[in-house]
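To be precise, the following lines are start.csv, and they hold CSV, C-alpha atoms and all ligand atoms.
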```csv
chain,number,residue,atom,x,y,z
O,1,MET,CA,0.0,0.0,0.0
O,2,PRO,CA,1.3,3.5,-0.8
O,3,PRO,CA,1.0,6.0,2.1
O,4,THR,CA,-2.6,6.8,3.0
O,5,CYS,CA,-1.8,10.5,2.5
O,6,SER,CA,-2.0,9.9,-1.2
O,7,THR,CA,-5.4,10.1,-2.8
O,8,SER,CA,-4.8,8.1,-5.9
O,9,THR,CA,-8.3,6.6,-5.6
O,10,PRO,CA,-10.3,8.2,-8.4
O,11,TRP,CA,-12.9,10.7,-7.1
O,12,PRO,CA,-15.7,11.2,-7.7
O,13,ALA,CA,-15.8,7.8,-9.4
O,14,ARG,CA,-17.9,6.6,-6.5
O,15,ARG,CA,-19.5,3.1,-6.6
O,16,ASP,CA,-22.3,1.6,-4.6
O,17,SER,CA,-19.9,-0.1,-2.2
O,18,ARG,CA,-22.6,-0.9,0.3
O,19,ARG,CA,-24.3,-3.2,-2.2
O,20,THR,CA,-21.0,-4.8,-3.2
O,21,TYR,CA,-19.7,-5.4,0.3
O,22,ALA,CA,-22.7,-5.7,2.6
O,23,GLY,CA,-23.0,-9.4,2.4
O,24,TRP,CA,-19.4,-9.8,3.7
O,25,SER,CA,-19.9,-8.2,7.1
O,26,GLY,CA,-19.9,-11.1,9.6
O,27,GLY,CA,-19.7,-13.5,6.8
O,28,ARG,CA,-17.0,-16.2,6.5
O,29,PRO,CA,-14.8,-15.7,3.4
O,30,ALA,CA,-13.8,-18.7,1.3
O,31,TRP,CA,-10.1,-18.6,2.4
O,32,PRO,CA,-7.9,-16.4,4.7
O,33,GLY,CA,-6.5,-14.6,1.6
O,34,ASP,CA,-9.9,-13.0,1.1
O,35,THR,CA,-9.8,-11.2,4.5
O,36,VAL,CA,-7.7,-8.1,5.3
O,37,VAL,CA,-7.4,-7.2,9.0
O,38,VAL,CA,-6.4,-3.7,9.9
O,39,ILE,CA,-5.3,-3.3,13.5
O,40,GLY,CA,-5.9,0.2,15.1
O,41,ALA,CA,-8.7,2.5,14.2
O,42,GLY,CA,-6.8,5.8,14.6
O,43,PHE,CA,-6.0,8.2,11.7
O,44,THR,CA,-4.0,5.7,9.7
O,45,GLY,CA,-6.2,2.6,10.4
O,46,ILE,CA,-9.3,4.5,9.4
O,47,GLU,CA,-7.7,5.7,6.2
O,48,VAL,CA,-6.3,2.3,5.3
O,49,ALA,CA,-9.5,0.4,6.1
O,50,THR,CA,-11.7,2.8,4.0
O,51,ALA,CA,-9.2,2.8,1.1
O,52,LEU,CA,-9.0,-1.0,0.9
O,53,PRO,CA,-12.5,-1.9,-0.4
O,54,SER,CA,-12.2,0.0,-3.7
O,55,ARG,CA,-8.5,-0.9,-4.1
O,56,LEU,CA,-9.1,-4.6,-3.6
O,57,GLN,CA,-12.2,-4.5,-5.7
O,58,ALA,CA,-10.2,-3.0,-8.6
O,59,LEU,CA,-7.5,-5.6,-8.2
O,60,ALA,CA,-9.8,-8.6,-7.8
O,61,PRO,CA,-13.3,-7.7,-8.9
O,62,ARG,CA,-14.7,-11.2,-8.5
O,63,ARG,CA,-13.3,-12.1,-5.1
O,64,PRO,CA,-15.4,-11.8,-1.9
O,65,VAL,CA,-12.8,-9.7,0.0
O,66,ARG,CA,-13.6,-8.7,3.6
O,67,VAL,CA,-12.0,-5.8,5.5
O,68,VAL,CA,-12.0,-6.0,9.3
O,69,LEU,CA,-11.0,-3.1,11.5
O,70,ILE,CA,-9.9,-3.9,15.0
O,71,GLU,CA,-9.7,-1.2,17.8
O,72,ALA,CA,-8.8,-1.7,21.5
O,73,ASP,CA,-10.9,1.4,22.5
O,74,PRO,CA,-14.7,1.0,22.7
O,75,ALA,CA,-15.1,3.4,19.8
O,76,VAL,CA,-13.3,4.1,16.5
O,77,GLY,CA,-11.0,7.1,16.3
O,78,PRO,CA,-10.6,7.6,20.0
O,79,ALA,CA,-8.0,10.3,19.6
O,80,LEU,CA,-10.2,12.0,17.0
O,81,GLY,CA,-13.0,12.6,19.5
O,82,ALA,CA,-16.8,12.4,19.3
O,83,SER,CA,-17.4,15.1,16.7
O,84,PRO,CA,-16.2,13.5,13.5
O,85,ARG,CA,-17.1,9.9,14.6
O,86,PRO,CA,-20.6,9.7,13.1
O,87,VAL,CA,-19.2,10.6,9.7
O,88,ILE,CA,-16.4,8.0,10.1
O,89,GLU,CA,-18.8,5.3,11.3
O,90,GLN,CA,-21.2,6.0,8.5
O,91,ALA,CA,-18.3,5.7,5.9
O,92,LEU,CA,-17.1,2.4,7.4
O,93,ASP,CA,-20.7,1.1,7.3
O,94,GLU,CA,-21.2,2.3,3.7
O,95,LEU,CA,-18.0,0.7,2.6
O,96,GLY,CA,-18.9,-2.6,4.3
O,97,VAL,CA,-15.9,-2.5,6.6
O,98,GLN,CA,-16.5,-4.8,9.6
O,99,VAL,CA,-15.6,-2.9,12.8
O,100,LEU,CA,-14.6,-4.8,16.0
O,101,THR,CA,-14.0,-2.4,18.9
O,102,GLY,CA,-13.0,-3.1,22.5
O,103,ARG,CA,-10.7,-5.9,21.4
O,104,ARG,CA,-6.9,-6.1,21.0
O,105,LEU,CA,-4.8,-8.2,18.7
O,106,VAL,CA,-3.0,-10.8,20.9
O,107,ARG,CA,-1.5,-13.0,18.2
O,108,ALA,CA,-0.8,-12.9,14.5
O,109,GLY,CA,0.0,-16.1,12.6
O,110,PRO,CA,0.6,-16.8,8.9
O,111,ALA,CA,-3.1,-17.5,8.2
O,112,GLU,CA,-5.0,-16.1,11.2
O,113,VAL,CA,-5.0,-13.4,13.9
O,114,GLU,CA,-6.4,-13.9,17.4
O,115,LEU,CA,-8.1,-11.2,19.4
O,116,SER,CA,-8.3,-10.6,23.2
O,117,ASP,CA,-11.9,-11.9,23.3
O,118,GLY,CA,-10.7,-15.3,22.1
O,119,SER,CA,-12.0,-14.9,18.5
O,120,VAL,CA,-9.9,-16.0,15.6
O,121,ILE,CA,-10.0,-14.4,12.2
O,122,GLY,CA,-8.6,-16.2,9.2
O,123,THR,CA,-6.4,-13.9,7.2
O,124,ARG,CA,-3.1,-13.7,5.4
O,125,THR,CA,-2.9,-9.9,5.5
O,126,ALA,CA,-2.8,-8.1,8.9
O,127,ILE,CA,-1.9,-4.4,8.7
O,128,TRP,CA,-0.6,-3.0,11.9
O,129,THR,CA,-1.2,0.8,12.3
O,130,ALA,CA,-1.0,1.2,16.1
O,131,GLY,CA,1.9,2.9,17.7
O,132,LEU,CA,4.1,5.8,16.6
O,133,ALA,CA,7.7,6.4,17.7
O,134,ALA,CA,10.2,9.1,17.1
O,135,ASN,CA,13.5,8.3,15.2
O,136,SER,CA,15.9,6.4,17.5
O,137,LEU,CA,18.5,9.1,16.9
O,138,THR,CA,16.6,11.1,19.6
O,139,ALA,CA,18.0,8.6,22.2
O,140,ARG,CA,21.5,9.9,21.5
O,141,VAL,CA,20.6,13.4,22.6
O,142,ASN,CA,20.9,14.3,26.3
O,143,GLY,CA,17.3,15.4,27.0
O,144,THR,CA,13.9,14.5,28.3
O,145,ARG,CA,11.7,12.3,26.0
O,146,ASP,CA,8.0,11.8,26.0
O,147,GLY,CA,6.1,8.5,25.6
O,148,LEU,CA,6.7,8.6,21.8
O,149,GLY,CA,10.5,9.0,22.2
O,150,ARG,CA,10.2,12.7,21.2
O,151,LEU,CA,12.6,15.3,22.6
O,152,VAL,CA,10.8,17.7,24.9
O,153,VAL,CA,11.9,21.1,23.7
O,154,ASP,CA,11.3,24.7,24.9
O,155,ARG,CA,9.0,27.1,23.0
O,156,PHE,CA,12.0,28.0,20.7
O,157,LEU,CA,12.3,24.2,19.9
O,158,ARG,CA,15.7,24.0,21.7
O,159,VAL,CA,16.5,21.0,23.9
O,160,PRO,CA,17.0,22.5,27.3
O,161,GLU,CA,19.6,19.9,28.4
O,162,ALA,CA,21.5,20.2,25.1
O,163,PRO,CA,21.3,23.9,24.2
O,164,SER,CA,23.1,23.5,20.8
O,165,VAL,CA,20.4,21.1,19.7
O,166,PHE,CA,17.0,22.1,18.1
O,167,ALA,CA,14.4,19.4,17.4
O,168,ALA,CA,11.6,19.5,14.8
O,169,GLY,CA,9.0,17.3,13.1
O,170,ASP,CA,8.2,13.9,14.5
O,171,THR,CA,11.1,14.2,16.9
O,172,ALA,CA,9.9,17.2,18.8
O,173,ALA,CA,7.4,17.4,21.7
O,174,VAL,CA,6.2,21.0,22.3
O,175,ASP,CA,2.9,22.7,23.1
O,176,ASP,CA,1.3,25.3,20.9
O,177,PRO,CA,0.6,28.7,22.5
O,178,ALA,CA,-2.8,27.4,23.8
O,179,GLY,CA,-1.2,24.4,25.5
O,180,HIS,CA,-2.0,21.7,23.0
O,181,ARG,CA,0.8,19.3,22.4
O,182,VAL,CA,1.8,18.9,18.8
O,183,LEU,CA,1.0,15.7,17.0
O,184,GLN,CA,3.3,13.6,14.8
O,185,SER,CA,1.7,15.1,11.6
O,186,CYS,CA,2.5,16.9,8.4
O,187,GLN,CA,0.8,20.1,9.5
O,188,HIS,CA,2.9,20.3,12.7
O,189,ALA,CA,6.1,19.0,11.1
O,190,ILE,CA,6.1,21.7,8.5
O,191,PRO,CA,6.0,24.7,10.9
O,192,LEU,CA,8.2,22.9,13.4
O,193,GLY,CA,10.8,22.7,10.6
O,194,LYS,CA,10.5,26.3,9.7
O,195,PHE,CA,10.8,27.5,13.3
O,196,ALA,CA,13.6,25.2,14.2
O,197,GLY,CA,15.6,26.2,11.1
O,198,HIS,CA,15.0,29.9,11.7
O,199,ASN,CA,15.9,29.6,15.4
O,200,ALA,CA,19.0,27.5,14.9
O,201,ALA,CA,20.3,30.1,12.3
O,202,SER,CA,19.3,33.0,14.6
O,203,ASP,CA,21.1,31.4,17.5
O,204,LEU,CA,24.3,31.1,15.5
O,205,LEU,CA,24.0,34.7,14.3
O,206,GLY,CA,23.0,36.2,17.6
O,207,HIS,CA,19.5,37.2,16.5
O,208,PRO,CA,16.3,36.9,18.6
O,209,LEU,CA,14.6,33.5,18.5
O,210,GLU,CA,10.9,33.1,17.5
O,211,PRO,CA,8.5,31.2,19.9
O,212,PHE,CA,6.8,28.3,18.1
O,213,ASP,CA,3.3,28.9,16.8
O,214,PRO,CA,1.9,26.4,14.4
O,215,GLY,CA,-1.3,28.4,13.6
O,216,PRO,CA,-4.9,27.0,13.5
O,217,TYR,CA,-5.3,23.2,13.8
O,218,LEU,CA,-7.2,21.2,11.3
O,219,THR,CA,-7.8,17.5,10.7
O,220,CYS,CA,-8.7,16.0,7.3
O,221,VAL,CA,-9.2,12.2,7.3
O,222,ASP,CA,-9.6,10.4,4.0
O,223,LEU,CA,-12.5,7.9,3.9
O,224,GLY,CA,-11.9,6.2,0.6
O,225,HIS,CA,-14.9,6.2,-1.7
O,226,ALA,CA,-17.0,7.6,1.1
O,227,GLY,CA,-15.2,10.9,0.8
O,228,ALA,CA,-13.4,12.5,3.7
O,229,VAL,CA,-14.1,14.5,6.8
O,230,ALA,CA,-12.4,17.8,7.7
O,231,THR,CA,-12.5,19.4,11.1
O,232,ALA,CA,-11.3,22.6,12.6
O,233,GLY,CA,-9.9,23.3,16.1
O,234,TRP,CA,-8.8,20.9,18.8
O,235,ASP,CA,-12.4,20.0,19.5
O,236,ARG,CA,-12.5,18.9,15.9
O,237,GLU,CA,-15.7,20.6,14.8
O,238,VAL,CA,-16.8,19.1,11.5
O,239,ARG,CA,-16.6,21.6,8.7
O,240,LEU,CA,-16.6,19.6,5.5
O,241,THR,CA,-17.6,16.1,4.5
O,242,GLY,CA,-18.0,14.1,1.3
O,243,GLU,CA,-16.7,15.5,-1.9
O,244,ALA,CA,-15.8,18.9,-0.5
O,245,ALA,CA,-13.6,17.3,2.2
O,246,LYS,CA,-12.2,14.9,-0.4
O,247,ALA,CA,-11.1,17.9,-2.6
O,248,LEU,CA,-9.4,19.5,0.4
O,249,LYS,CA,-7.6,16.2,1.3
O,250,LYS,CA,-6.4,16.0,-2.3
O,251,ALA,CA,-5.2,19.5,-2.3
O,252,ILE,CA,-3.4,18.9,1.0
O,253,CYS,CA,-1.7,15.8,-0.2
O,254,GLU,CA,-0.8,16.9,-3.6
O,255,SER,CA,0.0,20.6,-3.1
O,256,TYR,CA,0.0,22.1,0.4
O,257,ILE,CA,2.5,19.8,2.0
O,258,TYR,CA,5.1,20.2,-0.8
O,259,PRO,CA,7.4,23.1,-0.7
O,260,PRO,CA,8.7,24.5,-4.1
O,261,ALA,CA,11.9,22.6,-3.5
O,262,HIS,CA,13.6,23.5,-6.9
O,263,ASP,CA,12.8,27.3,-6.8
O,264,ALA,CA,14.8,29.2,-4.3
O,265,ASP,CA,12.9,32.4,-4.7
O,266,ALA,CA,9.5,30.7,-4.3
O,267,LEU,CA,10.8,28.7,-1.4
O,268,LEU,CA,11.9,31.9,0.4
O,269,ALA,CA,8.7,33.7,-0.4
O,270,GLY,CA,6.7,30.9,1.1
O,271,ALA,CA,8.8,30.4,4.2
O,272,ALA,CA,6.4,32.3,6.4
O,273,ARG,CA,3.2,31.1,4.7
O,274,ARG,CA,1.0,28.9,6.7
O,275,PRO,CA,-0.4,26.0,4.7
O,276,HIS,CA,-3.9,26.3,6.1
O,277,PRO,CA,-6.8,26.9,3.8
O,278,ALA,CA,-8.6,30.1,4.5
O,279,ILE,CA,-11.7,28.2,5.6
O,280,PHE,CA,-10.0,27.1,8.8
O,281,THR,CA,-8.6,30.5,9.8
W,301,LIG,C1,0.9,6.2,6.6
W,301,LIG,C2,1.0,7.6,7.2
W,301,LIG,C3,0.0,8.5,6.8
W,301,LIG,C4,0.1,9.9,7.3
W,301,LIG,N1,-0.9,10.7,7.0
W,301,LIG,C5,-0.8,12.0,7.5
W,301,LIG,C6,-1.9,12.9,7.2
W,301,LIG,O1,-2.8,12.6,6.5
W,301,LIG,N2,-1.8,14.2,7.7
W,301,LIG,C7,-0.7,14.6,8.5
W,301,LIG,O2,-0.7,15.7,8.9
W,301,LIG,N3,0.3,13.7,8.8
W,301,LIG,C8,0.3,12.4,8.3
W,301,LIG,N4,1.3,11.5,8.6
W,301,LIG,C9,2.4,12.0,9.4
W,301,LIG,C10,3.5,12.7,8.7
W,301,LIG,O3,3.8,11.9,7.5
W,301,LIG,C11,4.7,12.9,9.6
W,301,LIG,O4,4.3,13.5,10.7
W,301,LIG,C12,5.7,13.8,8.9
W,301,LIG,O5,6.2,13.2,7.7
W,301,LIG,C13,6.9,14.1,9.8
W,301,LIG,O6,7.9,14.8,9.1
W,301,LIG,P1,9.4,14.7,9.6
W,301,LIG,O7,10.1,15.5,8.6
W,301,LIG,O8,9.5,14.9,11.0
W,301,LIG,O9,9.7,13.1,9.4
W,301,LIG,P2,9.8,12.3,8.1
W,301,LIG,O10,8.8,12.7,7.1
W,301,LIG,O11,9.7,10.8,8.5
W,301,LIG,O12,11.2,12.6,7.5
W,301,LIG,C14,12.4,12.1,8.1
W,301,LIG,C15,13.4,11.9,7.0
W,301,LIG,O13,14.7,11.7,7.7
W,301,LIG,C16,15.3,10.5,7.0
W,301,LIG,N5,16.3,10.0,8.0
W,301,LIG,C17,16.0,9.2,9.1
W,301,LIG,N6,17.2,8.9,9.8
W,301,LIG,C18,18.1,9.6,9.1
W,301,LIG,C19,19.6,9.7,9.3
W,301,LIG,N7,20.2,9.1,10.4
W,301,LIG,N8,20.2,10.5,8.5
W,301,LIG,C20,19.6,11.2,7.5
W,301,LIG,N9,18.3,11.1,7.2
W,301,LIG,C21,17.6,10.3,8.0
W,301,LIG,C22,14.2,9.6,6.7
W,301,LIG,O14,14.6,8.7,5.7
W,301,LIG,C23,13.1,10.6,6.2
W,301,LIG,O15,13.2,10.9,4.9
W,301,LIG,C24,1.2,10.2,8.1
W,301,LIG,C25,2.2,9.3,8.4
W,301,LIG,C26,2.1,8.0,7.9
W,301,LIG,C27,3.2,7.0,8.2
```
Turn this file's structure into structure tokens for me.
Ligand SMILES: Cc1cc2nc3c(=O)[nH]c(=O)nc-3n(C[C@H](O)[C@H](O)[C@H](O)COP(=O)(O)OP(=O)(O)OC[C@H]3O[C@@H](n4cnc5c(N)ncnc54)[C@H](O)[C@@H]3O)c2cc1C
Amino acid sequence: MPPTCSTSTPWPARRDSRRTYAGWSGGRPAWPGDTVVVIGAGFTGIEVATALPSRLQALAPRRPVRVVLIEADPAVGPALGASPRPVIEQALDELGVQVLTGRRLVRAGPAEVELSDGSVIGTRTAIWTAGLAANSLTARVNGTRDGLGRLVVDRFLRVPEAPSVFAAGDTAAVDDPAGHRVLQSCQHAIPLGKFAGHNAASDLLGHPLEPFDPGPYLTCVDLGHAGAVATAGWDREVRLTGEAAKALKKAICESYIYPPAHDADALLAGAARRPHPAIFT
């Protein structure tokens, strides 16, 4: 599978996935190769599980493939919160993804997985999406690390215990000005890189450092042929769904996150630009 950030699934070439997949929910596939189990219903697991039905249907139109999404929490998308959950649940239902919450994976074999409730699912394809970790290089820096192995930095992104080191992207743990801890995400990695680079250079040149401020927070989760859901703020108020959210997701993945790497003037001009669409500001 390519990264879920890509939106190569044609849109709006939507099919009636419910009709195609409904019979599989709870059904027993002919052999384990017909079932794909996705473990973890966070950002990545939801995007993978909702992308799979159309991808698999395109690859094997006549095979009765079943997609099962496993989540340890009682609800899907626990970190996403209650607001976008109905949109996500509706998409999973529409796409015929079988959702098993309140259960953990305890064993994965070559042709089956076992869950904490004792149930066994025949499968040759288990996709593990649970668990992020910072690059192991962070362990070599004298500093405090959070549960993800990220270096805890000050508001200038400097490691207090190692003042010549600045951390950015998925390796840095810092709060935004409102006290929300950054996530290991593109939208935080980009401003973290900008501020860390600016501050490291300023430190060398004796110029003032800029306190980190990533700007407004948004979430845009791809939902395969069911569209996408876009939210604003840390309470994740739903702003866009369906085709409109899908168009935004496509723009984020194909445009907003890429700097003009081969054009020095454009790169410099965009250095202070925040990649947030106006709708979220
Ligand atoms: C499947 C998936 C889907 C995602 N979807 C989204 C999304 O929809 N929205 C979102 O906001 N975020 C998403 N993310 C998260 C986002 O991709 C990361 O937060 C972001 O890429 C972090 O940027 P980074 O520069 O810190 O690290 P990376 O993008 O991981 O870049 C680090 C680079 O350093 C290189 N490297 C590692 N070690 C060394 C070394 N010793 N020397 C030199 N180079 C080295 C690596 O090869 C890599 O190229 C997704 C992540 C994954 C895995």
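With only C-alpha atoms as the atoms that count, the residue of O:Gly109, O:Pro86, O:Gly96, O:Gly143 with the shortest distance to O:Val159 is O:Gly143.
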Show me, as a PDB file with C-alpha atoms, in the coordinates of the input, the residues that have an atom within 10 Å of O:Val165 when counting only C-alpha atoms, minus same-chain residues fewer than 2 positions from it.
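Output (result36.pdb):
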```pdb
ATOM      1  CA  VAL O 141      20.600  13.400  22.600  1.00  0.00           C
ATOM      2  CA  ASN O 142      20.900  14.300  26.300  1.00  0.00           C
ATOM      3  CA  GLY O 143      17.300  15.400  27.000  1.00  0.00           C
ATOM      4  CA  VAL O 153      11.900  21.100  23.700  1.00  0.00           C
ATOM      5  CA  LEU O 157      12.300  24.200  19.900  1.00  0.00           C
ATOM      6  CA  ARG O 158      15.700  24.000  21.700  1.00  0.00           C
ATOM      7  CA  VAL O 159      16.500  21.000  23.900  1.00  0.00           C
ATOM      8  CA  PRO O 160      17.000  22.500  27.300  1.00  0.00           C
ATOM      9  CA  GLU O 161      19.600  19.900  28.400  1.00  0.00           C
ATOM     10  CA  ALA O 162      21.500  20.200  25.100  1.00  0.00           C
ATOM     11  CA  PRO O 163      21.300  23.900  24.200  1.00  0.00           C
ATOM     12  CA  ALA O 167      14.400  19.400  17.400  1.00  0.00           C
ATOM     13  CA  ALA O 196      13.600  25.200  14.200  1.00  0.00           C
ATOM     14  CA  ALA O 200      19.000  27.500  14.900  1.00  0.00           C
TER      15      ALA O 200
END
```
Closest atom pairs, chain O residues within 8 Å of ligand LIG 301 (chain W), only C-alpha atoms and all ligand atoms, as a Markdown table:
```
| residue | atom | partner | partner_atom | distance |
| --- | --- | --- | --- | --- |
| O:Pro2 | CA | W:LIG301 | C1 | 7.9 |
| O:Pro3 | CA | W:LIG301 | C1 | 4.5 |
| O:Thr4 | CA | W:LIG301 | C3 | 4.9 |
| O:Cys5 | CA | W:LIG301 | N1 | 4.6 |
| O:Phe43 | CA | W:LIG301 | N1 | 7.4 |
| O:Thr44 | CA | W:LIG301 | C3 | 5.7 |
| O:Asn135 | CA | W:LIG301 | N6 | 6.6 |
| O:Leu137 | CA | W:LIG301 | N7 | 6.7 |
| O:Ala168 | CA | W:LIG301 | O8 | 6.3 |
| O:Gly169 | CA | W:LIG301 | O8 | 3.2 |
| O:Asp170 | CA | W:LIG301 | O8 | 3.9 |
| O:Thr171 | CA | W:LIG301 | O8 | 6.2 |
| O:Leu183 | CA | W:LIG301 | O4 | 7.4 |
| O:Gln184 | CA | W:LIG301 | O4 | 4.2 |
| O:Ser185 | CA | W:LIG301 | O4 | 3.2 |
| O:Cys186 | CA | W:LIG301 | O2 | 3.5 |
| O:Gln187 | CA | W:LIG301 | O2 | 4.7 |
| O:His188 | CA | W:LIG301 | O2 | 7.0 |
| O:Ala189 | CA | W:LIG301 | O6 | 5.0 |
| O:Ile190 | CA | W:LIG301 | O6 | 7.2 |
| O:Gly193 | CA | W:LIG301 | O7 | 7.5 |
| O:Thr219 | CA | W:LIG301 | N2 | 7.5 |
| O:Cys220 | CA | W:LIG301 | O1 | 6.9 |
| O:Val221 | CA | W:LIG301 | O1 | 6.5 |
| O:Asp222 | CA | W:LIG301 | O1 | 7.6 |
| O:Lys249 | CA | W:LIG301 | O1 | 7.9 |
| O:Cys253 | CA | W:LIG301 | O1 | 7.5 |
```
Once you have the residues from the selection above, write them out as a compact mmCIF listing (two decimals), in the coordinates of the input, restricted to C-alpha atoms.
```txt
# COMPACT_ATOMS: atom_id res chain seq x y z
CA PRO O 2 1.30 3.50 -0.80
CA PRO O 3 1.00 6.00 2.10
CA THR O 4 -2.60 6.80 3.00
CA CYS O 5 -1.80 10.50 2.50
CA PHE O 43 -6.00 8.20 11.70
CA THR O 44 -4.00 5.70 9.70
CA ASN O 135 13.50 8.30 15.20
CA LEU O 137 18.50 9.10 16.90
CA ALA O 168 11.60 19.50 14.80
CA GLY O 169 9.00 17.30 13.10
CA ASP O 170 8.20 13.90 14.50
CA THR O 171 11.10 14.20 16.90
CA LEU O 183 1.00 15.70 17.00
CA GLN O 184 3.30 13.60 14.80
CA SER O 185 1.70 15.10 11.60
CA CYS O 186 2.50 16.90 8.40
CA GLN O 187 0.80 20.10 9.50
CA HIS O 188 2.90 20.30 12.70
CA ALA O 189 6.10 19.00 11.10
CA ILE O 190 6.10 21.70 8.50
CA GLY O 193 10.80 22.70 10.60
CA THR O 219 -7.80 17.50 10.70
CA CYS O 220 -8.70 16.00 7.30
CA VAL O 221 -9.20 12.20 7.30
CA ASP O 222 -9.60 10.40 4.00
CA LYS O 249 -7.60 16.20 1.30
CA CYS O 253 -1.70 15.80 -0.20
```
Find the spatial neighbours of stretch 258-273 of chain O, counting only C-alpha atoms, within a cut-off of 10 Å - ignore same-chain residues fewer than 3 positions away - and output them as a PyMOL selection string. chain O and resi 190-191+194-195+198+252-255+276
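For the residues O:Ala51, O:Val106, O:Leu148, O:Ala41, ranking by smallest atom-to-atom distance to O:Pro74 using all atoms listed in the file places O:Ala41 first.
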